[in-house]
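Engineer: Below you will find the structure I want to go over with you.
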Amino acid sequence: MPSPEQWTRPDPGAGPAATAAQPSPEQVIAGLRATTEGGAELTQLLTPEGERLEDSRFDPYLADIDAEALRGLYRDMVLVRRADRESNAMQRQGQLGIWVPLLGQEAAQVGSGRALRPADMAFPSYREHGVAYTRGVDFRELLGIFRCTDHSGWDPAEYGFHPYTIVIGNQVLNAAGYAMGQKFDGKVGNADDADNEATIVYFGDGATSQGDVHEGFVWGAVYDAPVVYFCQNNQWAISEPTERQSRLPLYQRARGYGFPGIRVDGNDVLACLAVTRWALDECRHGNGPVLIEAFTYRMDAHTTTDDPTRYRLSDELEAWKLKDPIERVRAHLARAGSGEQDFFDSVDAEADEFAAQLRDFCFNMPDPPPERIFSEVYADTPAALDAQREEYLSYLAGFAGGEH
Amino acid sequence: MAAPVQSPVDTQAATTQTMTIGKALNNGLRASMEADPKVLVMGEDVGKLGGVFRVTDGLQKDFGEHRVLDTPLAESGIVGTAIGLAVRGFRPVCEIQFEGFIFPAFDQISSQLAKLHYRTQGKLKAPVVIRVPFGGGIGAVEHHSESPESLFSHIPGLKVVSCSNPVDAYWMMQQAISSDDPVMLFEPKKLYHSSALKAPVDTTATPDPLHSSRVVRHGDAATIAAYGPSLPVALDAATAAQEEGRSLEVIDLRTLSPLDLGPVFESVRRTGRLVVVSEAPSEVSLASEVAARVQQECFYSLEAPVQRVTGFDTPYPPAKLEEHFVPDLDRVLHAVDNALEW
């Protein structure tokens, strides 16, 4: 793994562009290397050391990001990370059946999530706790899935945030269809941009091998759908490295489908925000779809059931710690004189309180009653299912005290 | 539930037209598209071509390319994007060109379509209709003659129906589209253009509920239950048996999930004998489910074990052999004999 000093920075004048669809052997090797190093075409606006890089193409998308807004993004990421760590700990304590950590992907999720407007729609996989947070979903509403008290708690229409999708890649097609609907509803290309909408769909590097993701790219392309395909390449699909999914850097696949692909530093919240705003803007104006590959790193396990020591070296994690998405914002704020110690301390205190509330909520979550098994299977419930429910409930009621 | 399958023909009524099953499906689609601008038709070759069986003939011309979508050739994509469109507020009607090509979509159907309502406890609905031409008897190559309806009937959250005549085809299409639950409509492809089955369809009639079975011929010696492409052979068997003085009751199951077996139980309590006819392999099938439920509900009424006349537990054979595989008149009558002579 390269040290931060070897991290290749983009030429600010050269915009990201897809390369030829038929790679030479040299390109293949370069692509493999890029898959682990980020590559020359990585869009980065904030270096791991907290240095703000000028970028003529994407800086206009950050015109409103002043020091206060940047402190807001910092706060978002700290809260999300703290909630993630608390949830991970609660799994270890037996309060959650499983947890899917996002550690390391805070910038990719907060940056892209904050790029969305209320009328936009997001389709997550199952690790998008940070995106959920930016959509206004109460973090506590995520816990039911992992405590196994429900399959999805929030109202997707209220938050513009679809239920988590656990089957890898399914949601890419669902999102493409939703975006087709936005277009059919006349929500693309209107002169008044406030009337325009877009969809974003999240998936990982492993999902790019799924047929549904391929088909989702095809559908979005041929129907000119306003959909941003946001691939968080966190380098690992459980134990399998990205090299097991692709010869080419993932963002270059876009060229084969006929839409732009761009690789962004997924640990750079400003770059993720700017590039996603650009991509959504393109979609809203009828130039979609767009593929974004957020180049990041899964700093924790795939889930709490996983053991990364079996397949990757700790050196790798140590190298990525130097590119931490939160630390670089903190460094930048401190450098720019925009972040006093009091601010950082107050965010930490707020995060502790956030985690305490989460913990308190989780520990007091009731188990659902048995009749929940039969609830809302259909919009119009068949009589036979009602009968099955009644039969089981009366069977249960036959036990002393109604307990079995 | 003992209403006759056909209303008396009123040739004077402008609202009544005589048509095939294929035309009735087309007219049903058209009626739904006229009534609700959110109804979309999507699938392979459904637009300009009108579908390989012409069931969507003329719809794109009349409703436009944004209502009738010729999609890329990928079944998972058809169903997966239909789900997204449904979440957006549309009512997509997907055509799967042949039942043998549905399996790339099995994941989207079982993992997403069937579970969206349950997963969100009703916050999201998935009013998607999936039309599936199914069954054999057309002399086709592999993957064009199968009967996979039991696989889908096994999935909670889905509803599955099958039509066997033009009246049902016309109404079931519209009822399926109106349903807030996902509905799979299995269409008997060999009967699409059968002129023998042409029937008058009164577009002002009040149809039976979608999820109801129906007695289509009354009798008292034995009961035959069938659906979709097996209805004609069941009725033929009843006609043949009548010539021998045996009166058979025939029930069109119509709804495969949920099953509506009340009329079957009522019938079997009178006849004491049941023959279930289906082209699908029998093992772990709808025919087996009907048999199990009937023995549970009609145990003391049964005079003979429930007979199942089905396809064999093999892949669909080369079509030169399909006359052996698809239940025919002799096999159904043989089963009736077994039940009567037990």
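Letters A, B, ... mark the chains of the structure tokens in the order given; residue numbers begin at 1 per chain; ligand numbers begin at 1, in order shown.
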Within segment 68-304 of chain B, find each residue whose DSSP state, derived from the backbone, is alpha helix (DSSP H), and express the selection as a count of residues only.
Structural biologist: 73
Engineer: Give me the residues within 7 Å of Thr242 of chain A as JSON, numbers by chain, counting only C-alpha atoms and dropping any in the same chain fewer than 4 places off.
Structural biologist: {"A": [35, 205, 235, 236, 246]}
Engineer: Using only N, CA and C atoms, please write the residues we just selected to a file, as a CSV table (one decimal), in the first residue's frame.
Structural biologist:
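Once everything was written out, this is again_1.csv:
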```
chain,number,residue,atom,x,y,z
A,35,THR,N,-6.6,-0.2,-8.8
A,35,THR,CA,-7.6,-0.7,-7.9
A,35,THR,C,-7.1,-0.7,-6.5
A,205,ASP,N,-18.2,-2.8,-4.5
A,205,ASP,CA,-17.4,-3.4,-5.5
A,205,ASP,C,-17.8,-4.8,-5.9
A,235,GLN,N,-12.8,-2.0,-1.4
A,235,GLN,CA,-11.7,-2.9,-1.7
A,235,GLN,C,-12.0,-4.4,-1.3
A,236,TRP,N,-13.0,-4.6,-0.6
A,236,TRP,CA,-13.2,-6.0,-0.1
A,236,TRP,C,-14.7,-6.4,-0.2
A,246,SER,N,-12.9,-7.5,-11.2
A,246,SER,CA,-12.8,-6.7,-12.4
A,246,SER,C,-11.3,-6.6,-12.8
```
Engineer: Go through chain B residue by residue and, counting only C-alpha atoms, keep those with an atom at most 7 Å from chain A; for each kept residue give the shortest atom pair and its distance in Å to one decimal, ordered by chain and increasing number, as CSV.
Structural biologist:
```
residue,atom,partner,partner_atom,distance
B:Ser76,CA,A:Asp212,CA,6.8
B:Gly77,CA,A:Glu215,CA,5.7
B:Gly80,CA,A:Leu173,CA,4.9
B:Thr81,CA,A:Gly177,CA,3.7
B:Ala82,CA,A:Gly177,CA,6.0
B:Ile83,CA,A:Asn174,CA,5.7
B:Gly84,CA,A:Tyr178,CA,4.1
B:Leu85,CA,A:Tyr178,CA,4.8
B:Val87,CA,A:Tyr178,CA,6.8
B:Arg88,CA,A:Tyr178,CA,5.6
B:Gln108,CA,A:Asn170,CA,6.7
B:His117,CA,A:Val377,CA,6.2
B:Tyr118,CA,A:Val377,CA,4.6
B:Arg119,CA,A:His151,CA,5.1
B:Thr120,CA,A:Ser152,CA,5.6
B:Gln121,CA,A:Glu376,CA,5.2
B:Gly122,CA,A:Glu376,CA,5.7
B:Lys123,CA,A:Asp155,CA,6.1
B:Gly157,CA,A:Val377,CA,5.5
B:Asp180,CA,A:Ala379,CA,5.9
B:Asp181,CA,A:Ala379,CA,5.8
B:Pro258,CA,A:Pro382,CA,6.4
```
Engineer: Given the choices A:Ile98, A:Met90, A:Ala221, A:Cys362, which gets closest to Pro72 of chain B if the distance is worked out from only C-alpha atoms?
Structural biologist: A:Ala221
Engineer: What's around segment 288-302 of chain A at 7 Å? Count only C-alpha atoms, leave out sequence neighbours fewer than 4 positions away in its own chain, and write the answer as a PyMOL selection string.
Structural biologist: chain A and resi 38+100-105+108+220-221+224-235+238+250-251+254+259-267+279+282-283+306-308+317
Engineer: Leaving out Arg91 of chain B and any residue of its chain fewer than 4 positions from it, which residues lie within 6 Å of it when counting only C-alpha atoms, given as a ChimeraX atom specification?
Structural biologist: /B:38-39,86,127-128
Engineer: For the selection you just gave me, I'd like the residues written to a file as a PDB file, in the first residue's frame, keeping N, CA and C atoms.
Structural biologist:
```pdb
ATOM      1  N   LYS B  38     -51.487   5.397 -15.217  1.00  0.00           N
ATOM      2  CA  LYS B  38     -50.289   4.850 -14.571  1.00  0.00           C
ATOM      3  C   LYS B  38     -50.003   3.409 -14.991  1.00  0.00           C
ATOM      4  N   VAL B  39     -50.930   2.811 -15.740  1.00  0.00           N
ATOM      5  CA  VAL B  39     -50.701   1.436 -16.189  1.00  0.00           C
ATOM      6  C   VAL B  39     -49.727   1.432 -17.358  1.00  0.00           C
ATOM      7  N   ALA B  86     -43.209   0.718  -9.856  1.00  0.00           N
ATOM      8  CA  ALA B  86     -44.365   0.568  -8.967  1.00  0.00           C
ATOM      9  C   ALA B  86     -44.174   1.393  -7.701  1.00  0.00           C
ATOM     10  N   PRO B 127     -47.701  -3.047  -6.870  1.00  0.00           N
ATOM     11  CA  PRO B 127     -48.765  -3.491  -7.764  1.00  0.00           C
ATOM     12  C   PRO B 127     -48.247  -3.808  -9.162  1.00  0.00           C
ATOM     13  N   VAL B 128     -47.476  -4.851  -9.255  1.00  0.00           N
ATOM     14  CA  VAL B 128     -46.899  -5.285 -10.531  1.00  0.00           C
ATOM     15  C   VAL B 128     -47.639  -6.540 -10.990  1.00  0.00           C
TER      16      VAL B 128
END
```
Engineer: Might you pull out every residue within 8 Å of Asn196 of chain A, with only C-alpha atoms counted and same-chain residues fewer than 3 positions away left off, and present them as a list in words?
Structural biologist: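 In the requested format, the answer is Lys187, Val188, Gly189, Asn190, Asp192, Asp193, Arg284 and His285 of chain A.
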Engineer: Quick one: write out the picked residues with C-alpha atoms as a compact mmCIF listing (two decimals), in the first residue's frame?
Structural biologist:
```
# COMPACT_ATOMS: atom_id res chain seq x y z
CA LYS A 187 -39.18 15.40 -13.55
CA VAL A 188 -36.12 15.64 -15.79
CA GLY A 189 -34.85 18.49 -17.90
CA ASN A 190 -37.30 21.15 -16.75
CA ASP A 192 -37.06 25.30 -13.47
CA ASP A 193 -34.52 23.08 -11.77
CA ARG A 284 -31.71 16.19 -13.41
CA HIS A 285 -30.90 17.92 -16.68
```
Engineer: Please return, as a compact mmCIF listing (two decimals) with C-alpha atoms, in the first residue's frame, all residues of segment 165-336 of chain B that DSSP assigns to strand (DSSP E or B) on the basis of the backbone.
Structural biologist:
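The resulting file, selection.txt, is shown below:
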```
# COMPACT_ATOMS: atom_id res chain seq x y z
CA VAL B 183 -50.09 -10.81 -9.29
CA MET B 184 -48.73 -13.38 -11.70
CA LEU B 185 -51.16 -14.18 -14.48
CA PHE B 186 -50.41 -17.53 -16.07
CA GLU B 187 -51.90 -17.54 -19.56
CA PRO B 188 -52.55 -20.83 -21.40
CA ALA B 199 -66.91 -16.68 -26.33
CA PRO B 200 -69.00 -13.57 -25.92
CA VAL B 201 -67.55 -11.15 -23.39
CA ASP B 202 -69.96 -8.64 -21.85
CA ARG B 214 -65.83 -21.68 -9.91
CA VAL B 215 -67.92 -24.71 -10.79
CA VAL B 216 -68.15 -24.70 -14.58
CA ARG B 217 -70.10 -27.92 -15.02
CA ALA B 222 -66.97 -37.34 -9.37
CA THR B 223 -65.23 -33.96 -9.33
CA ILE B 224 -62.50 -32.76 -11.67
CA ALA B 225 -60.46 -29.73 -10.61
CA ALA B 226 -58.28 -28.07 -13.24
CA LEU B 248 -68.86 -35.25 -13.59
CA GLU B 249 -68.56 -31.90 -11.86
CA VAL B 250 -65.80 -29.66 -13.22
CA ILE B 251 -64.22 -26.86 -11.22
CA ASP B 252 -61.97 -24.18 -12.67
CA THR B 255 -56.74 -18.73 -8.43
CA LEU B 256 -53.60 -20.71 -7.61
CA SER B 257 -52.36 -18.54 -4.76
CA LEU B 259 -56.22 -21.25 -3.54
CA LEU B 274 -61.66 -35.95 -6.91
CA VAL B 275 -59.38 -35.89 -9.94
CA VAL B 276 -56.92 -32.98 -10.20
CA VAL B 277 -55.58 -32.19 -13.67
CA SER B 278 -52.49 -30.10 -14.35
CA GLU B 279 -49.67 -30.11 -16.91
CA ALA B 280 -47.04 -29.50 -14.23
CA PRO B 281 -45.03 -32.34 -12.73
CA GLN B 307 -56.25 -38.83 -8.29
CA ARG B 308 -53.66 -36.57 -9.89
CA VAL B 309 -53.35 -36.44 -13.67
CA THR B 310 -50.29 -34.35 -14.41
CA GLY B 311 -47.13 -34.02 -16.38
```
Engineer: Nearest residue to Arg75 of chain A out of A:Ile168, A:Val110, A:Ala355, A:Ala331, using only C-alpha atoms?
Structural biologist: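 Smallest distance to Arg75 of chain A is found for A:Val110.
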Engineer: Let me make sure I understand: among B:Ser194, B:Ser150, B:Thr56, B:Ser247, which one has the smallest atom-to-atom distance to Glu289 of chain B if we use only C-alpha atoms?
Structural biologist: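 Residue with the minimum atom-to-atom distance to Glu289 of chain B: B:Ser150.
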Engineer: Go through A:Gln91, A:Thr149, A:Ser314, A:Gln109 one by one, measure the shortest atom-to-atom distance of each to Tyr133 of chain A using only C-alpha atoms, and give the residue with the smallest value.
Structural biologist: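 For Tyr133 of chain A, the nearest of the given residues is A:Gln109.
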Engineer: Taking 4 positions as the minimum chain separation for residues in the same chain, which residues sit within 9 Å of segment 239-242 of chain B when counting only C-alpha atoms? Answer as a ChimeraX atom specification.
Structural biologist: /B:234-235,246-248,329,333,336
Engineer: Which distance in Å separates atom CA of Gly256 of chain A and atom CA of Met42 of chain B, to one decimal?
Structural biologist: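 Distance reported for this atom pair: 24.5 Å.
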Engineer: Leaving out Gln175 of chain B and any residue of its chain fewer than 5 positions from it, which residues lie within 10 Å of it when counting only C-alpha atoms, given as a PDB file with N, CA and C atoms, in the first residue's frame?
Structural biologist:
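Result written to part.pdb:
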```pdb
ATOM      1  N   GLY B  28     -58.665  -6.517 -22.243  1.00  0.00           N
ATOM      2  CA  GLY B  28     -58.572  -6.243 -20.813  1.00  0.00           C
ATOM      3  C   GLY B  28     -57.449  -5.269 -20.515  1.00  0.00           C
ATOM      4  N   SER B  32     -57.769  -1.350 -19.011  1.00  0.00           N
ATOM      5  CA  SER B  32     -57.029  -0.860 -17.836  1.00  0.00           C
ATOM      6  C   SER B  32     -56.172   0.341 -18.192  1.00  0.00           C
ATOM      7  N   ASP B 168     -62.957 -14.835 -18.392  1.00  0.00           N
ATOM      8  CA  ASP B 168     -61.991 -14.695 -17.295  1.00  0.00           C
ATOM      9  C   ASP B 168     -60.758 -13.914 -17.749  1.00  0.00           C
ATOM     10  N   ALA B 169     -60.303 -14.169 -18.970  1.00  0.00           N
ATOM     11  CA  ALA B 169     -59.102 -13.480 -19.464  1.00  0.00           C
ATOM     12  C   ALA B 169     -59.312 -11.965 -19.426  1.00  0.00           C
ATOM     13  N   TYR B 170     -60.486 -11.553 -19.877  1.00  0.00           N
ATOM     14  CA  TYR B 170     -60.792 -10.115 -19.929  1.00  0.00           C
ATOM     15  C   TYR B 170     -60.818  -9.506 -18.530  1.00  0.00           C
ATOM     16  N   ASP B 180     -53.515  -4.261  -5.411  1.00  0.00           N
ATOM     17  CA  ASP B 180     -52.357  -3.624  -4.796  1.00  0.00           C
ATOM     18  C   ASP B 180     -51.276  -4.647  -4.436  1.00  0.00           C
ATOM     19  N   VAL B 183     -49.324  -9.666  -8.776  1.00  0.00           N
ATOM     20  CA  VAL B 183     -50.094 -10.808  -9.293  1.00  0.00           C
ATOM     21  C   VAL B 183     -49.373 -11.391 -10.503  1.00  0.00           C
ATOM     22  N   PRO B 207     -67.851  -9.135 -12.828  1.00  0.00           N
ATOM     23  CA  PRO B 207     -67.071 -10.378 -12.826  1.00  0.00           C
ATOM     24  C   PRO B 207     -67.025 -11.006 -11.441  1.00  0.00           C
ATOM     25  N   ASP B 208     -66.704 -12.294 -11.414  1.00  0.00           N
ATOM     26  CA  ASP B 208     -66.429 -12.965 -10.142  1.00  0.00           C
ATOM     27  C   ASP B 208     -65.172 -12.362  -9.534  1.00  0.00           C
ATOM     28  N   PRO B 209     -65.034 -12.445  -8.215  1.00  0.00           N
ATOM     29  CA  PRO B 209     -63.790 -11.966  -7.595  1.00  0.00           C
ATOM     30  C   PRO B 209     -62.574 -12.687  -8.187  1.00  0.00           C
ATOM     31  N   LEU B 210     -61.444 -11.984  -8.227  1.00  0.00           N
ATOM     32  CA  LEU B 210     -60.237 -12.552  -8.830  1.00  0.00           C
ATOM     33  C   LEU B 210     -59.832 -13.859  -8.151  1.00  0.00           C
ATOM     34  N   HIS B 211     -59.886 -13.850  -6.837  1.00  0.00           N
ATOM     35  CA  HIS B 211     -59.378 -15.021  -6.120  1.00  0.00           C
ATOM     36  C   HIS B 211     -60.514 -15.943  -5.705  1.00  0.00           C
TER      37      HIS B 211
END
```
Engineer: Under the rule that only C-alpha atoms are counted, which of B:Asp107, B:Glu283, B:Asp70, B:Glu266 is the nearest residue to Thr314 of chain B?
Structural biologist: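 So, comparing all the options, the nearest one is B:Glu283.
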